[in-house]
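Here's entry_12.cif, which has mmCIF, C-alpha atoms:
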```
data_start
loop_
_atom_site.group_PDB
_atom_site.id
_atom_site.type_symbol
_atom_site.label_atom_id
_atom_site.label_comp_id
_atom_site.auth_asym_id
_atom_site.auth_seq_id
_atom_site.Cartn_x
_atom_site.Cartn_y
_atom_site.Cartn_z
ATOM 1 C CA MET A 1 0.000 0.000 0.000
ATOM 2 C CA GLY A 2 2.917 2.327 -0.507
ATOM 3 C CA ARG A 3 5.997 3.376 -2.424
ATOM 4 C CA ASP A 4 8.986 5.576 -1.574
ATOM 5 C CA ASP A 5 9.518 9.291 -1.887
ATOM 6 C CA GLY A 6 12.227 11.749 -1.023
ATOM 7 C CA SER A 7 11.841 15.471 -0.814
ATOM 8 C CA GLU A 8 13.679 18.470 0.499
ATOM 9 C CA ASN A 9 12.620 20.854 3.195
ATOM 10 C CA GLY A 10 12.913 24.365 1.889
ATOM 11 C CA ASN A 11 12.592 26.219 5.200
ATOM 12 C CA ASP A 12 15.588 27.582 7.056
ATOM 13 C CA GLY A 13 16.383 25.505 10.103
ATOM 14 C CA ASP A 14 14.546 22.374 8.913
ATOM 15 C CA VAL A 15 16.446 19.118 9.054
ATOM 16 C CA ASN A 16 16.445 16.850 6.033
ATOM 17 C CA ARG A 17 16.067 13.499 7.750
ATOM 18 C CA ASN A 18 16.880 11.655 4.522
ATOM 19 C CA ASP A 19 20.492 12.825 4.863
ATOM 20 C CA GLU A 20 22.927 9.932 5.415
ATOM 21 C CA SER A 21 24.437 11.467 8.550
ATOM 22 C CA ALA A 22 20.976 12.009 10.026
ATOM 23 C CA ASN A 23 20.082 8.377 9.336
ATOM 24 C CA GLY A 24 23.325 7.279 10.964
ATOM 25 C CA ASP A 25 22.566 9.338 14.071
ATOM 26 C CA ASP A 26 19.059 7.860 14.194
ATOM 27 C CA ARG A 27 20.403 4.333 14.019
ATOM 28 C CA ASP A 28 22.879 5.030 16.797
ATOM 29 C CA GLY A 29 20.080 6.434 18.952
ATOM 30 C CA VAL A 30 17.870 3.414 18.287
ATOM 31 C CA ARG A 31 20.719 1.035 19.076
ATOM 32 C CA GLU A 32 21.440 2.815 22.374
ATOM 33 C CA ALA A 33 17.749 2.918 23.344
ATOM 34 C CA PHE A 34 17.345 -0.824 22.781
ATOM 35 C CA SER A 35 20.643 -1.706 24.441
ATOM 36 C CA LEU A 36 19.503 -0.083 27.697
ATOM 37 C CA LEU A 37 16.778 -2.736 27.965
ATOM 38 C CA GLY A 38 19.206 -5.621 27.727
ATOM 39 C CA HIS A 39 19.212 -6.667 31.380
ATOM 40 C CA GLU A 40 16.607 -8.452 33.486
ATOM 41 C CA ILE A 41 16.981 -6.074 36.439
ATOM 42 C CA ARG A 42 16.304 -3.039 34.246
ATOM 43 C CA LEU A 43 13.214 -4.701 32.829
ATOM 44 C CA ASP A 44 12.023 -5.475 36.364
ATOM 45 C CA ILE A 45 12.499 -1.819 37.342
ATOM 46 C CA LEU A 46 10.478 -0.605 34.364
ATOM 47 C CA LEU A 47 7.688 -3.133 34.828
ATOM 48 C CA ALA A 48 7.419 -2.148 38.490
ATOM 49 C CA LEU A 49 7.033 1.501 37.503
ATOM 50 C CA LEU A 50 4.514 0.700 34.775
ATOM 51 C CA GLU A 51 2.356 -1.457 37.032
ATOM 52 C CA ASP A 52 0.530 1.550 38.512
ATOM 53 C CA TRP A 53 0.909 3.903 35.559
ATOM 54 C CA HIS A 54 -1.836 6.539 35.183
ATOM 55 C CA ALA A 55 -0.333 8.907 32.616
ATOM 56 C CA VAL A 56 0.584 12.292 34.091
ATOM 57 C CA TYR A 57 -1.198 11.350 37.324
ATOM 58 C CA THR A 58 1.140 8.424 38.050
ATOM 59 C CA GLU A 59 2.218 8.394 41.677
ATOM 60 C CA PRO A 60 6.022 8.223 41.995
ATOM 61 C CA LYS A 61 7.567 5.157 43.609
ATOM 62 C CA SER A 62 10.119 5.845 46.292
ATOM 63 C CA TYR A 63 13.601 4.401 46.074
ATOM 64 C CA ALA A 64 12.781 1.829 48.777
ATOM 65 C CA GLU A 65 9.475 0.866 47.133
ATOM 66 C CA LEU A 66 11.102 0.397 43.758
ATOM 67 C CA MET A 67 14.011 -1.615 45.117
ATOM 68 C CA GLY A 68 11.570 -3.806 47.074
ATOM 69 C CA ALA A 69 9.376 -4.343 44.023
ATOM 70 C CA VAL A 70 12.385 -5.516 42.043
ATOM 71 C CA GLY A 71 13.416 -7.851 44.875
ATOM 72 C CA LEU A 72 17.029 -6.695 45.191
ATOM 73 C CA ARG A 73 19.016 -6.311 48.413
ATOM 74 C CA ASP A 74 22.252 -5.159 46.807
ATOM 75 C CA SER A 75 21.859 -1.349 46.612
ATOM 76 C CA GLY A 76 25.016 -0.965 44.540
ATOM 77 C CA GLN A 77 23.736 -3.276 41.820
ATOM 78 C CA PHE A 78 20.290 -1.644 41.959
ATOM 79 C CA ASN A 79 21.787 1.863 41.679
ATOM 80 C CA TYR A 80 23.896 0.852 38.703
ATOM 81 C CA HIS A 81 20.921 -0.328 36.661
ATOM 82 C CA LEU A 82 18.626 2.466 37.822
ATOM 83 C CA ASP A 83 21.185 5.065 36.751
ATOM 84 C CA LYS A 84 21.381 3.462 33.296
ATOM 85 C CA LEU A 85 17.644 4.013 32.882
ATOM 86 C CA ARG A 86 17.421 7.523 34.318
ATOM 87 C CA GLY A 87 16.791 10.274 31.802
ATOM 88 C CA VAL A 88 15.721 7.840 29.094
ATOM 89 C CA TYR A 89 13.134 5.502 30.585
ATOM 90 C CA VAL A 90 12.962 6.675 34.192
ATOM 91 C CA ARG A 91 12.574 10.177 35.583
ATOM 92 C CA LYS A 92 13.444 11.154 39.158
ATOM 93 C CA LEU A 93 11.051 13.487 40.901
ATOM 94 C CA GLU A 94 11.285 15.010 44.365
ATOM 95 C CA ASP A 95 9.352 12.165 45.967
ATOM 96 C CA GLY A 96 10.361 9.226 43.827
ATOM 97 C CA TYR A 97 10.600 7.759 40.332
ATOM 98 C CA VAL A 98 8.159 7.627 37.393
ATOM 99 C CA PRO A 99 8.358 6.089 33.924
ATOM 100 C CA THR A 100 8.984 8.435 30.982
ATOM 101 C CA ALA A 101 6.723 8.829 27.966
ATOM 102 C CA SER A 102 9.243 6.839 25.927
ATOM 103 C CA VAL A 103 8.937 3.663 27.964
ATOM 104 C CA THR A 104 5.150 3.912 28.271
ATOM 105 C CA ALA A 105 4.913 4.203 24.478
ATOM 106 C CA LEU A 106 7.169 1.181 24.077
ATOM 107 C CA TYR A 107 5.123 -0.753 26.645
ATOM 108 C CA ARG A 108 1.849 0.001 24.852
ATOM 109 C CA THR A 109 3.412 -1.047 21.543
ATOM 110 C CA VAL A 110 4.452 -4.424 22.942
ATOM 111 C CA LEU A 111 0.987 -5.001 24.428
ATOM 112 C CA ALA A 112 -0.643 -4.047 21.130
ATOM 113 C CA HIS A 113 1.569 -5.997 18.736
ATOM 114 C CA ARG A 114 2.449 -8.997 20.951
ATOM 115 C CA PRO A 115 5.749 -9.617 19.144
ATOM 116 C CA THR A 116 6.395 -12.978 20.831
ATOM 117 C CA GLU A 117 3.075 -14.421 19.553
ATOM 118 C CA HIS A 118 2.531 -15.817 16.068
ATOM 119 C CA LEU A 119 -0.975 -15.159 14.834
ATOM 120 C CA GLU A 120 -2.693 -15.564 11.484
ATOM 121 C CA TYR A 121 -6.335 -15.009 10.609
ATOM 122 C CA GLY A 122 -8.580 -15.787 7.676
ATOM 123 C CA PRO A 123 -9.312 -15.583 4.908
ATOM 124 C CA ALA A 124 -12.851 -14.814 6.116
ATOM 125 C CA ALA A 125 -15.607 -13.247 4.018
ATOM 126 C CA ILE A 126 -17.002 -9.846 4.957
ATOM 127 C CA ASP A 127 -20.339 -8.195 4.249
ATOM 128 C CA SER A 128 -19.325 -6.146 1.234
ATOM 129 C CA ALA A 129 -18.878 -6.509 -2.523
ATOM 130 C CA CYS A 130 -15.717 -6.632 -4.608
ATOM 131 C CA PRO A 131 -15.684 -3.604 -6.924
ATOM 132 C CA ARG A 132 -14.583 -5.808 -9.839
ATOM 133 C CA CYS A 133 -16.575 -9.037 -9.618
ATOM 134 C CA ASP A 134 -19.231 -8.265 -6.982
ATOM 135 C CA GLN A 135 -18.233 -11.288 -4.883
ATOM 136 C CA ALA A 136 -17.718 -10.963 -1.130
ATOM 137 C CA PRO A 137 -14.169 -9.780 -0.282
ATOM 138 C CA VAL A 138 -12.190 -11.504 2.435
ATOM 139 C CA VAL A 139 -10.094 -10.228 5.311
ATOM 140 C CA ARG A 140 -6.864 -11.960 6.233
ATOM 141 C CA TYR A 141 -4.070 -11.255 8.730
ATOM 142 C CA ASP A 142 -0.402 -12.158 8.502
ATOM 143 C CA ARG A 143 2.935 -10.680 9.663
ATOM 144 C CA GLY A 144 1.202 -7.796 11.427
ATOM 145 C CA PHE A 145 -0.794 -6.655 8.398
ATOM 146 C CA ALA A 146 -4.535 -6.874 7.787
ATOM 147 C CA THR A 147 -5.503 -7.276 4.143
ATOM 148 C CA VAL A 148 -8.855 -7.002 2.398
ATOM 149 C CA ASP A 149 -8.918 -8.532 -1.087
ATOM 150 C CA CYS A 150 -10.981 -10.794 -3.316
ATOM 151 C CA ALA A 151 -10.381 -14.519 -3.592
ATOM 152 C CA ALA A 152 -12.561 -14.754 -6.698
ATOM 153 C CA CYS A 153 -10.675 -12.296 -8.907
ATOM 154 C CA GLU A 154 -7.451 -10.278 -8.964
ATOM 155 C CA TRP A 155 -8.670 -7.291 -6.936
ATOM 156 C CA THR A 156 -5.934 -6.675 -4.364
ATOM 157 C CA GLY A 157 -7.903 -4.340 -2.095
ATOM 158 C CA PHE A 158 -5.685 -2.835 0.544
ATOM 159 C CA THR A 159 -3.168 -3.786 3.215
ATOM 160 C CA TYR A 160 -2.445 -1.870 6.412
ATOM 161 C CA PRO A 161 -0.490 -2.603 9.620
ATOM 162 C CA PHE A 162 -2.773 -3.593 12.473
ATOM 163 C CA PRO A 163 -1.856 -4.680 16.014
ATOM 164 C CA LYS A 164 -2.576 -8.307 16.888
ATOM 165 C CA ASN A 165 -4.496 -7.081 19.911
ATOM 166 C CA GLY A 166 -7.096 -5.615 17.545
ATOM 167 C CA LEU A 167 -8.183 -9.102 16.443
ATOM 168 C CA GLU A 168 -9.265 -10.026 19.939
ATOM 169 C CA GLY A 169 -13.056 -10.301 20.276
ATOM 170 C CA ARG A 170 -13.808 -9.197 16.681
ATOM 171 C CA ASP A 171 -15.314 -11.147 13.806
ATOM 172 C CA ALA A 172 -14.302 -10.599 10.171
ATOM 173 C CA ASP A 173 -16.618 -7.638 9.578
ATOM 174 C CA ALA A 174 -15.557 -5.946 12.803
ATOM 175 C CA ILE A 175 -11.878 -6.445 11.915
ATOM 176 C CA ALA A 176 -12.363 -4.929 8.455
ATOM 177 C CA ASP A 177 -14.219 -1.980 9.986
ATOM 178 C CA ALA A 178 -11.572 -1.449 12.678
ATOM 179 C CA VAL A 179 -8.697 -1.602 10.183
ATOM 180 C CA THR A 180 -10.296 0.823 7.726
ATOM 181 C CA ARG A 181 -11.192 3.285 10.497
ATOM 182 C CA ARG A 182 -7.682 3.116 11.903
ATOM 183 C CA ALA A 183 -6.149 3.593 8.466
ATOM 184 C CA GLY A 184 -8.489 6.511 7.767
ATOM 185 C CA ARG A 185 -7.488 8.228 11.000
ATOM 186 C CA ASP A 186 -3.782 7.726 10.305
ATOM 187 C CA ILE A 187 -4.026 8.849 6.682
ATOM 188 C CA ASP A 188 -5.897 12.006 7.640
ATOM 189 C CA LEU A 189 -3.116 12.938 10.060
ATOM 190 C CA ALA A 190 -0.442 12.137 7.470
ATOM 191 C CA ARG A 191 -2.314 14.047 4.759
ATOM 192 C CA THR A 192 -2.300 17.163 6.903
ATOM 193 C CA GLY A 193 1.417 16.980 7.657
ATOM 194 C CA GLN A 194 1.811 14.826 10.788
ATOM 195 C CA CYS A 195 3.053 11.257 10.899
ATOM 196 C CA PRO A 196 0.565 9.156 12.906
ATOM 197 C CA PHE A 197 3.374 7.029 14.325
ATOM 198 C CA CYS A 198 6.188 9.419 15.276
ATOM 199 C CA ALA A 199 4.513 12.870 14.948
ATOM 200 C CA GLY A 200 7.204 13.956 12.479
ATOM 201 C CA THR A 201 6.449 15.886 9.308
ATOM 202 C CA THR A 202 5.192 14.159 6.173
ATOM 203 C CA THR A 203 5.702 14.685 2.455
ATOM 204 C CA VAL A 204 3.039 14.137 -0.193
ATOM 205 C CA ASP A 205 3.794 12.924 -3.714
ATOM 206 C CA LEU A 206 0.809 13.410 -6.030
ATOM 207 C CA ARG A 207 2.566 11.157 -8.558
ATOM 208 C CA LEU A 208 1.696 13.432 -11.445
ATOM 209 C CA GLU A 209 4.337 11.666 -13.530
ATOM 210 C CA ALA A 210 1.898 8.724 -13.720
ATOM 211 C CA LEU A 211 -0.657 10.994 -15.411
ATOM 212 C CA ARG A 212 -0.522 12.668 -18.793
ATOM 213 C CA ASP A 213 -1.307 16.325 -19.315
ATOM 214 C CA GLU A 214 -4.674 17.321 -20.692
ATOM 215 C CA GLY A 215 -4.430 17.405 -24.472
ATOM 216 C CA ASP A 216 -1.680 14.786 -24.785
ATOM 217 C CA ASP A 217 -4.028 12.678 -26.927
ATOM 218 C CA GLU A 218 -6.286 13.352 -29.888
ATOM 219 C CA ASP A 219 -9.636 11.813 -30.754
ATOM 220 C CA ALA A 220 -10.623 10.435 -34.167
ATOM 221 C CA ASP A 221 -11.299 13.952 -35.448
ATOM 222 C CA GLY A 222 -7.933 15.233 -34.332
ATOM 223 C CA ASP A 223 -9.326 17.226 -31.410
ATOM 224 C CA ARG A 224 -7.310 17.401 -28.209
ATOM 225 C CA ILE A 225 -8.854 15.422 -25.333
ATOM 226 C CA ALA A 226 -8.236 15.267 -21.602
ATOM 227 C CA ALA A 227 -6.188 12.326 -20.398
ATOM 228 C CA GLU A 228 -7.836 10.814 -17.325
ATOM 229 C CA VAL A 229 -6.927 7.801 -15.210
ATOM 230 C CA ASP A 230 -9.092 5.648 -12.947
ATOM 231 C CA GLY A 231 -7.505 4.226 -9.820
ATOM 232 C CA HIS A 232 -4.707 6.786 -9.455
ATOM 233 C CA TRP A 233 -3.041 6.689 -6.038
ATOM 234 C CA VAL A 234 -1.085 9.251 -4.040
ATOM 235 C CA GLU A 235 1.903 8.573 -1.792
ATOM 236 C CA ILE A 236 2.505 9.980 1.685
ATOM 237 C CA VAL A 237 5.782 9.346 3.484
ATOM 238 C CA CYS A 238 7.148 10.389 6.878
ATOM 239 C CA ASP A 239 10.306 12.498 6.779
ATOM 240 C CA ASP A 240 11.585 10.807 9.954
ATOM 241 C CA CYS A 241 10.423 7.219 10.417
ATOM 242 C CA THR A 242 9.373 4.264 8.259
ATOM 243 C CA PHE A 243 5.728 5.300 7.733
ATOM 244 C CA LEU A 244 4.779 5.277 4.082
ATOM 245 C CA VAL A 245 1.426 4.727 2.444
ATOM 246 C CA GLY A 246 -0.191 4.801 -0.967
ATOM 247 C CA VAL A 247 -3.751 6.105 -0.774
ATOM 248 C CA ASP A 248 -6.853 6.453 -2.870
ATOM 249 C CA PRO A 249 -7.075 10.259 -3.058
ATOM 250 C CA LEU A 250 -10.864 10.447 -2.739
ATOM 251 C CA GLY A 251 -10.920 8.113 0.260
ATOM 252 C CA ALA A 252 -8.206 10.153 1.952
ATOM 253 C CA LEU A 253 -10.184 13.367 1.427
ATOM 254 C CA LEU A 254 -13.345 12.007 3.023
ATOM 255 C CA ALA A 255 -11.990 13.023 6.424
ATOM 256 C CA ASP A 256 -12.176 16.655 5.241
ATOM 257 C CA GLY A 257 -15.450 18.098 6.522
ATOM 258 C CA ARG A 258 -15.843 20.443 3.581
ATOM 259 C CA VAL A 259 -15.390 17.634 1.055
ATOM 260 C CA VAL A 260 -17.580 15.040 2.771
ATOM 261 C CA GLY A 261 -20.342 17.585 3.388
ATOM 262 C CA ALA A 262 -20.538 18.646 -0.252
ATOM 263 C CA LEU A 263 -20.316 15.107 -1.630
ATOM 264 C CA ALA A 264 -22.867 13.749 0.844
ATOM 265 C CA GLU A 265 -25.394 16.321 -0.383
ATOM 266 C CA ALA A 266 -24.733 15.079 -3.924
ATOM 267 C CA GLY A 267 -25.381 11.438 -3.005
ATOM 268 C CA LEU A 268 -22.158 10.058 -1.493
ATOM 269 C CA GLU A 269 -22.546 7.720 1.493
ATOM 270 C CA PRO A 270 -19.462 8.574 3.589
ATOM 271 C CA ASP A 271 -19.812 5.640 6.012
ATOM 272 C CA ARG A 272 -19.310 3.036 3.302
ATOM 273 C CA TYR A 273 -15.943 1.374 2.704
ATOM 274 C CA ASP A 274 -13.592 3.228 0.346
ATOM 275 C CA TRP A 275 -13.805 0.457 -2.256
ATOM 276 C CA GLU A 276 -17.606 0.825 -2.265
ATOM 277 C CA GLN A 277 -17.351 4.505 -3.194
ATOM 278 C CA PRO A 278 -17.424 5.708 -6.815
ATOM 279 C CA THR A 279 -13.996 5.590 -8.451
ATOM 280 C CA PRO A 280 -12.864 9.105 -9.360
ATOM 281 C CA THR A 281 -10.966 9.950 -12.500
ATOM 282 C CA ALA A 282 -7.704 11.807 -11.967
ATOM 283 C CA ARG A 283 -6.031 14.325 -14.222
ATOM 284 C CA VAL A 284 -3.225 16.850 -14.119
ATOM 285 C CA GLU A 285 -4.621 20.325 -13.559
ATOM 286 C CA SER A 286 -1.167 21.872 -13.399
ATOM 287 C CA ARG A 287 2.407 20.697 -13.012
ATOM 288 C CA ASP A 288 3.854 24.009 -11.819
ATOM 289 C CA PRO A 289 2.402 24.550 -9.324
ATOM 290 C CA ALA A 290 1.419 20.927 -8.847
ATOM 291 C CA ARG A 291 -2.345 20.441 -8.941
ATOM 292 C CA LEU A 292 -4.250 17.142 -9.101
ATOM 293 C CA GLY A 293 -7.872 17.129 -10.240
ATOM 294 C CA LEU A 294 -10.409 14.471 -9.230
ATOM 295 C CA GLU A 295 -13.812 14.049 -10.847
ATOM 296 C CA VAL A 296 -16.467 11.771 -9.393
ATOM 297 C CA GLU A 297 -20.012 11.137 -10.553
ATOM 298 C CA LEU A 298 -22.635 10.818 -7.830
ATOM 299 C CA GLU A 299 -26.338 10.022 -7.865
ATOM 300 C CA ASP A 300 -28.606 11.268 -5.078
ATOM 301 C CA GLU A 301 -31.771 9.609 -3.748
ATOM 302 C CA ASP A 302 -33.874 11.401 -6.378
ATOM 303 C CA GLY A 303 -31.807 9.895 -9.190
ATOM 304 C CA ILE A 304 -30.116 13.190 -10.039
ATOM 305 C CA VAL A 305 -26.549 12.673 -11.279
ATOM 306 C CA ARG A 306 -23.986 15.292 -10.343
ATOM 307 C CA THR A 307 -20.291 15.623 -11.065
ATOM 308 C CA ALA A 308 -18.018 16.726 -8.232
ATOM 309 C CA THR A 309 -14.605 18.189 -9.080
ATOM 310 C CA ILE A 310 -11.931 18.468 -6.402
ATOM 311 C CA VAL A 311 -8.523 20.051 -6.967
ATOM 312 C CA VAL A 312 -5.695 19.502 -4.471
ATOM 313 C CA ASP A 313 -2.224 21.011 -4.303
ATOM 314 C CA ASP A 314 1.127 19.362 -3.628
ATOM 315 C CA THR A 315 0.435 19.256 0.133
ATOM 316 C CA PHE A 316 -2.881 17.457 -0.472
ATOM 317 C CA ALA A 317 -4.779 20.563 0.633
ATOM 318 C CA VAL A 318 -8.079 21.184 -1.155
ATOM 319 C CA ARG A 319 -7.737 24.224 -3.425
ATOM 320 C CA SER A 320 -11.207 24.086 -4.994
ATOM 321 C CA LEU A 321 -14.396 22.036 -4.791
ATOM 322 C CA ALA A 322 -17.353 22.263 -7.156
ATOM 323 C CA VAL A 323 -20.466 20.154 -7.669
ATOM 324 C CA ASP A 324 -22.233 20.467 -11.017
ATOM 325 C CA PRO A 325 -25.115 20.977 -11.525
#
```

Would you write out, as structure tokens, the structure that this file holds?
Amino acid sequence: MGRDDGSENGNDGDVNRNDESANGDDRDGVREAFSLLGHEIRLDILLALLEDWHAVYTEPKSYAELMGAVGLRDSGQFNYHLDKLRGVYVRKLEDGYVPTASVTALYRTVLAHRPTEHLEYGPAAIDSACPRCDQAPVVRYDRGFATVDCAACEWTGFTYPFPKNGLEGRDADAIADAVTRRAGRDIDLARTGQCPFCAGTTTVDLRLEALRDEGDDEDADGDRIAAEVDGHWVEIVCDDCTFLVGVDPLGALLADGRVVGALAEAGLEPDRYDWEQPTPTARVESRDPARLGLEVELEDEDGIVRTATIVVDDTFAVRSLAVDP
């Protein structure tokens, strides 16, 4: 569900995280962060602190409480490992010790993804229809990714990372709904400039090179015609971490209140799955500045057909929206 993209930050003071030295520094930081966890006593200290964690309201554990919880009598050994964790995973307050945001995030990630468990799911049919053959799609889960596709034809649907914990207590339809909602939330954040995983900045690639300019072709009479493409996708990549996603541009824009409001009035049902929505045609509105145009035909409950035209810029911001008639 993604490709790769590199871009430059043009603002003074911005850091280009794609720089080799920056990547080297990141790797060193990751290596150091993981290496600090490589001892059973340190893990016991962190788990003791996380046991009664209540976000910013967490009550600090005193030195004696923490040492007792770990079960150590050797204060020198305890101090050595506690000092290794301080400032990174443990913070000292006036009346004791609390876990940092870094270790609580890591703890939640382990609980969510259950890395020591092997889990597969499906394929299981869901209550929907394949956009190509009208058969019921299936949801499957493997290697930490949930996939919706069609077993009856070659429709590949979509794939998105999903924590193993999210499978617990959900049937196939509930899993598909949870995955698509989670992906929609993440993509909306990424579309508006924030990585949903690390909160870093994101870069959008409209992939205009995959589209031809209007007038590149001629019809039988020699008249210039617009070149349009169904199924065009847009790429969003984090400038800092490994997040990268290829998205259906209309589906990604349905989190925009202005867009969903206008299209809903014209007949769009925003609560349906993305693959159940009309497929827009994409065309190049402009290459400099970059502008991508999307046209989608909608039919309201009275049978009136309208054409919605959305134009986005190179940051995926909506520049214009019109519904005709």

Can you translate the PyMOL selection byres ((chain A and resi 65-78) around 12) into the concrete residues it hits in this file, as an mmCIF file with C-alpha atoms, keeping the file's coordinate frame?
```
data_model
loop_
_atom_site.group_PDB
_atom_site.id
_atom_site.type_symbol
_atom_site.label_atom_id
_atom_site.label_comp_id
_atom_site.auth_asym_id
_atom_site.auth_seq_id
_atom_site.Cartn_x
_atom_site.Cartn_y
_atom_site.Cartn_z
ATOM 1 C CA HIS A 39 19.212 -6.667 31.380
ATOM 2 C CA GLU A 40 16.607 -8.452 33.486
ATOM 3 C CA ILE A 41 16.981 -6.074 36.439
ATOM 4 C CA ARG A 42 16.304 -3.039 34.246
ATOM 5 C CA LEU A 43 13.214 -4.701 32.829
ATOM 6 C CA ASP A 44 12.023 -5.475 36.364
ATOM 7 C CA ILE A 45 12.499 -1.819 37.342
ATOM 8 C CA LEU A 46 10.478 -0.605 34.364
ATOM 9 C CA LEU A 47 7.688 -3.133 34.828
ATOM 10 C CA ALA A 48 7.419 -2.148 38.490
ATOM 11 C CA LEU A 49 7.033 1.501 37.503
ATOM 12 C CA LEU A 50 4.514 0.700 34.775
ATOM 13 C CA GLU A 51 2.356 -1.457 37.032
ATOM 14 C CA ASP A 52 0.530 1.550 38.512
ATOM 15 C CA GLU A 59 2.218 8.394 41.677
ATOM 16 C CA PRO A 60 6.022 8.223 41.995
ATOM 17 C CA LYS A 61 7.567 5.157 43.609
ATOM 18 C CA SER A 62 10.119 5.845 46.292
ATOM 19 C CA TYR A 63 13.601 4.401 46.074
ATOM 20 C CA ALA A 64 12.781 1.829 48.777
ATOM 21 C CA ASN A 79 21.787 1.863 41.679
ATOM 22 C CA TYR A 80 23.896 0.852 38.703
ATOM 23 C CA HIS A 81 20.921 -0.328 36.661
ATOM 24 C CA LEU A 82 18.626 2.466 37.822
ATOM 25 C CA ASP A 83 21.185 5.065 36.751
ATOM 26 C CA LYS A 84 21.381 3.462 33.296
ATOM 27 C CA LEU A 85 17.644 4.013 32.882
ATOM 28 C CA VAL A 90 12.962 6.675 34.192
ATOM 29 C CA LYS A 92 13.444 11.154 39.158
ATOM 30 C CA ASP A 95 9.352 12.165 45.967
ATOM 31 C CA GLY A 96 10.361 9.226 43.827
ATOM 32 C CA TYR A 97 10.600 7.759 40.332
ATOM 33 C CA VAL A 98 8.159 7.627 37.393
ATOM 34 C CA PRO A 99 8.358 6.089 33.924
#
```

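The closest residue to Asp134 in chain A, picked from A:Glu276, A:Arg86, A:Val259, A:Ala190 and counting only C-alpha atoms, is A:Glu276.
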
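Residues surrounding Pro278 in chain A within 12 Å are Pro131, Asp230, Gly231, Asp248, Pro249, Leu250, Gly251, Leu263, Gly267, Leu268, Glu269, Pro270, Arg272, Leu294, Glu295, Val296, Glu297, Leu298, Glu299, Thr307 and Ala308 of chain A [only C-alpha atoms; sequence separation below 6 positions excluded].
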
Output C-alpha atoms for every residue in the selection just made, as an mmCIF file, in the frame of the given file.
```
data_model
loop_
_atom_site.group_PDB
_atom_site.id
_atom_site.type_symbol
_atom_site.label_atom_id
_atom_site.label_comp_id
_atom_site.auth_asym_id
_atom_site.auth_seq_id
_atom_site.Cartn_x
_atom_site.Cartn_y
_atom_site.Cartn_z
ATOM 1 C CA PRO A 131 -15.684 -3.604 -6.924
ATOM 2 C CA ASP A 230 -9.092 5.648 -12.947
ATOM 3 C CA GLY A 231 -7.505 4.226 -9.820
ATOM 4 C CA ASP A 248 -6.853 6.453 -2.870
ATOM 5 C CA PRO A 249 -7.075 10.259 -3.058
ATOM 6 C CA LEU A 250 -10.864 10.447 -2.739
ATOM 7 C CA GLY A 251 -10.920 8.113 0.260
ATOM 8 C CA LEU A 263 -20.316 15.107 -1.630
ATOM 9 C CA GLY A 267 -25.381 11.438 -3.005
ATOM 10 C CA LEU A 268 -22.158 10.058 -1.493
ATOM 11 C CA GLU A 269 -22.546 7.720 1.493
ATOM 12 C CA PRO A 270 -19.462 8.574 3.589
ATOM 13 C CA ARG A 272 -19.310 3.036 3.302
ATOM 14 C CA LEU A 294 -10.409 14.471 -9.230
ATOM 15 C CA GLU A 295 -13.812 14.049 -10.847
ATOM 16 C CA VAL A 296 -16.467 11.771 -9.393
ATOM 17 C CA GLU A 297 -20.012 11.137 -10.553
ATOM 18 C CA LEU A 298 -22.635 10.818 -7.830
ATOM 19 C CA GLU A 299 -26.338 10.022 -7.865
ATOM 20 C CA THR A 307 -20.291 15.623 -11.065
ATOM 21 C CA ALA A 308 -18.018 16.726 -8.232
#
```

Check your understanding: Looking at only C-alpha atoms, which of A:Gly38, A:Pro325, A:Gly293, A:Gly246 is the one that sits closest to Ala266 in chain A?
Key ->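 The closest residue to Ala266 in chain A is A:Pro325.
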
Check your understanding: What is the distance between CA of Gln135 in chain A and CA of Thr156 in chain A, in Å to one decimal?
Key -> 13.1 Å

Exercise for review: May I ask for the distance between CA of Thr201 in chain A and CA of Thr104 in chain A, given in Å to one decimal place?
Suggested key: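 It comes out at 22.5 Å.
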
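Closest approach to Arg212 in chain A among A:Ala112, A:Ala282, A:Val103, A:Val305: A:Ala282, based on only C-alpha atoms.
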
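Take the candidates A:Cys238, A:Ala322, A:Ala129, A:Ile175 and check each one against Gly157 in chain A using all atoms listed in the file; the shortest distance goes to A:Ala129.
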
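Considering all atoms listed in the file, the residue among A:Cys195, A:Leu93, A:Gly261, A:Asn165 positioned nearest to His118 in chain A is A:Asn165.
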
Check your understanding: Which residues come within 10 Å of Pro196 in chain A, counting all atoms listed in the file, excluding same-chain residues fewer than 2 positions away, as a count of residues only?
Key -> 17

**Study point:** Long-range neighbours of Glu120 in chain A as a ChimeraX atom specification, 10 Å cut-off, only C-alpha atoms, 6 positions minimum in chain
**Key:** /A:140-146,164,167

Practice item. Find the distance between CA of Val148 in chain A and CA of Tyr273 in chain A and write it in Å to one decimal. Key: 11.0 Å

May I have the centre and edge lengths, in Å to one decimal, of an axis-aligned box around the listed atoms of range 118-132 of chain A with 5 Å added to every side, as AutoDock Vina command-line options?
```
--center_x -8.9 --center_y -9.7 --center_z 3.1 --size_x 32.9 --size_y 22.2 --size_z 35.9
```

Exercise for review: Run the PyMOL selection byres ((chain A and resi 173) around 12) mentally over the shown coordinates, then write out the matched residues as a ChimeraX atom specification, using the chain letters and numbers from the document.
Suggested key: /A:122-128,136-140,148,167,169-172,174-180,273

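Around Leu211 in chain A, within 7 Å and counting all atoms listed in the file, the residues found are Leu208, Arg283 and Val284 of chain A, once anything fewer than 3 positions away on its own chain is removed.
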